[in-house]
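This report refers to the structure that appears directly beneath it.
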Amino acid sequence: MVRPHLPLNALRAFEAAARHLSFTRAAIELCVTQTAISHQVKLLEQRLGVELFRRLPRGLMITEDGLALLPTLQDSFDRMADMLQRFEDGHVRDVLTLGSVGTFAVGWLLPRLSAFQERYPFIEVRLSTNNNRVDIAAEGLDYAIRFGNGAWHDTEAEELFEAPHSALCVPAIASQLHSPQDVAARPLLRSYRMDEWQEWFEAAGVTPPKIKGIVFDSSVLMTEAALQGAGIALAPPLMFSRQLSSGALEQPFPVYVSKGCYWLTRLKSRTVTPAMATFSQWLQEEAAQMRAGQATKN
């Protein structure tokens with residue numbers, strides 16, 4: 001594609017003036033004079049044949065034509081700035097955008113992520129969390145780590161590991177639970193998967209009570225409520241190993257229910273970049289080590 005000459009100085013002057021609605025503040029940002037900004041904007045208006053600002057006694061008002069031009073310029077300058085920031089010590093930093101269900105991110109990924117950064121210093125991970133409901137395309141994600149059965153539309157899914165759920169509570173409550181039947185008399189904290197507690201009681205050989213109580217959209221929030229003594233959470237002990245090891249939480253009974261696995265997912269239409277391939281391989285290695293450790297314990 002042959003591009004016409006782009007008046008970059010004029011475009012930059014306009015974009016800054018539009019953000020500040022002031023030639024003076026734009027001049028301060030760009031380290032030029034107010035006259036220079038005004039001149040560049042005027043040149044751009046002449047080239048385009050439109051008025052971009054209305055000059056008011058106390059500032060500027062952007063016109064409809066200016067508003068039409070501004071988003072494209074802001075996106076372009078932001079992308080250029082982002083690309084330049086990715087160069088470091090003679091290398092370009094690859095960016096990996098990752099979404100993760102919060103329980104996995106806090107309980108498993110974060111303790112390991114610093115090791116990934118040390119091993120691959122030129123891959124910049126941008127991590128966001130969700131409650132297992134995520135739109136990979138709309139959020140611009142390379143990968144999303146989800147919990148479930150691995151069946152998501154137009155998605156490739158790599159299984160990481162299973163994380164069975166069990167009852168977790170503070171020691172003060174655990175000391176009063178002598179059998180799984182005692183759990184039924186306590187406040188039961190639950191997620192949006194409403195059948196979990198019923199399955200846990202059935203696995204424990206107890207007739208399920210009528211389940212009622214606070215509903216949480218993440219195991220992280222639910223287990224925080226349990227840590228504050230609000231009741232008994234049904235959550236994956238594997239994701240809360242630090243709280244269990246420290247004694248902040250206890251698992252009163254070795255009763256589990258399996259609700260699915262954690263999966264590394266991407267859109268089928270997404271071309272795998274070197275950064276994505278590296279992260280996927282590293283994540284699978286870490287998951288394999290974790291599974292091997294669990295097998296040794298068992």
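FYI, nothing fancy with the structure tokens labels: chains A, B, ... in order, residues from 1 per chain, ligands from 1 as they appear.
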Using only C-alpha atoms, tabulate the residues of region 31-96 of chain A lying at most 12 Å from any atom of region 277-293 of chain A, each with its closest atom pair and that distance in Å to one decimal, by chain and increasing residue number, as JSON lines.
{"residue": "A:Asp94", "atom": "CA", "partner": "A:Thr278", "partner_atom": "CA", "distance": 10.8}
{"residue": "A:Val95", "atom": "CA", "partner": "A:Phe279", "partner_atom": "CA", "distance": 10.9}
{"residue": "A:Leu96", "atom": "CA", "partner": "A:Phe279", "partner_atom": "CA", "distance": 8.4}
Run DSSP on the backbone and grab whatever in region 67-189 of chain A lands in alpha helix (DSSP H); send it over as a PyMOL selection string. chain A and resi 67-85+102-104+110-119+136-139+171-174+180-183
Just the residues within 7 Å of Gly102 (chain A), please, counting only C-alpha atoms, with nothing from its chain fewer than 5 positions along; format it as a ChimeraX atom specification. /A:129-131,218,220
Close residues, Ser175 (chain A) itself excluded, 12 Å, only C-alpha atoms, min 5 positions apart in chain, as a ChimeraX atom specification: /A:169-170,182-183,249-253
Convert the current residue selection to file output with N, CA and C atoms, as a PDB file, in the first residue's frame.
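This is the output file selection.pdb:
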ATOM      1  N   CYS A 169     -13.557 -24.273  55.992  1.00  0.00           N
ATOM      2  CA  CYS A 169     -14.057 -23.323  56.990  1.00  0.00           C
ATOM      3  C   CYS A 169     -12.937 -22.970  57.964  1.00  0.00           C
ATOM      4  N   VAL A 170     -13.197 -22.015  58.830  1.00  0.00           N
ATOM      5  CA  VAL A 170     -12.202 -21.608  59.826  1.00  0.00           C
ATOM      6  C   VAL A 170     -12.136 -22.666  60.934  1.00  0.00           C
ATOM      7  N   ASP A 182     -23.271 -32.626  60.385  1.00  0.00           N
ATOM      8  CA  ASP A 182     -23.207 -31.366  61.130  1.00  0.00           C
ATOM      9  C   ASP A 182     -23.070 -30.159  60.205  1.00  0.00           C
ATOM     10  N   VAL A 183     -22.538 -30.388  59.014  1.00  0.00           N
ATOM     11  CA  VAL A 183     -22.351 -29.291  58.064  1.00  0.00           C
ATOM     12  C   VAL A 183     -23.690 -28.678  57.682  1.00  0.00           C
ATOM     13  N   LEU A 249      -7.558 -21.876  57.304  1.00  0.00           N
ATOM     14  CA  LEU A 249      -8.706 -22.666  56.898  1.00  0.00           C
ATOM     15  C   LEU A 249      -8.449 -24.133  57.237  1.00  0.00           C
ATOM     16  N   GLU A 250      -9.530 -24.879  57.376  1.00  0.00           N
ATOM     17  CA  GLU A 250      -9.423 -26.324  57.556  1.00  0.00           C
ATOM     18  C   GLU A 250     -10.408 -27.023  56.625  1.00  0.00           C
ATOM     19  N   GLN A 251     -10.040 -28.226  56.236  1.00  0.00           N
ATOM     20  CA  GLN A 251     -10.933 -29.084  55.473  1.00  0.00           C
ATOM     21  C   GLN A 251     -11.398 -30.177  56.428  1.00  0.00           C
ATOM     22  N   PRO A 252     -12.591 -30.051  57.000  1.00  0.00           N
ATOM     23  CA  PRO A 252     -12.992 -30.959  58.089  1.00  0.00           C
ATOM     24  C   PRO A 252     -13.219 -32.403  57.664  1.00  0.00           C
ATOM     25  N   PHE A 253     -13.576 -32.631  56.366  1.00  0.00           N
ATOM     26  CA  PHE A 253     -13.871 -33.999  55.932  1.00  0.00           C
ATOM     27  C   PHE A 253     -13.264 -34.253  54.553  1.00  0.00           C
TER      28      PHE A 253
END
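Counting only C-alpha atoms, the residue from A:Lys210, A:Arg186, A:Arg12, A:Arg112 that sits nearest to Gln40 (chain A) is A:Arg12.
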List the neighbours of Ser100 (chain A) out to 8 Å using only C-alpha atoms; skip same-chain residues closer than 4 positions along the sequence, and give me the result as number ranges by chain. A: 104-105, 127-130, 132, 144-146
How would the residues just picked look written out with C-alpha atoms as an mmCIF file, in the first residue's frame?
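As written to disk, part_5.cif reads:
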data_model
loop_
_atom_site.group_PDB
_atom_site.id
_atom_site.type_symbol
_atom_site.label_atom_id
_atom_site.label_comp_id
_atom_site.auth_asym_id
_atom_site.auth_seq_id
_atom_site.Cartn_x
_atom_site.Cartn_y
_atom_site.Cartn_z
ATOM 1 C CA PHE A 104 -6.913 -20.005 39.485
ATOM 2 C CA ALA A 105 -5.079 -16.693 39.124
ATOM 3 C CA LEU A 127 -3.318 -10.569 33.221
ATOM 4 C CA SER A 128 -6.982 -9.870 33.879
ATOM 5 C CA THR A 129 -9.391 -11.909 35.987
ATOM 6 C CA ASN A 130 -13.002 -12.898 35.520
ATOM 7 C CA ASN A 132 -15.430 -17.739 34.404
ATOM 8 C CA ALA A 144 -8.301 -17.506 28.742
ATOM 9 C CA ILE A 145 -7.971 -19.956 31.622
ATOM 10 C CA ARG A 146 -11.413 -21.333 32.444
#
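Across the structure, CA of Leu267 (chain A) and CA of Thr97 (chain A) are spaced 13.0 Å apart.
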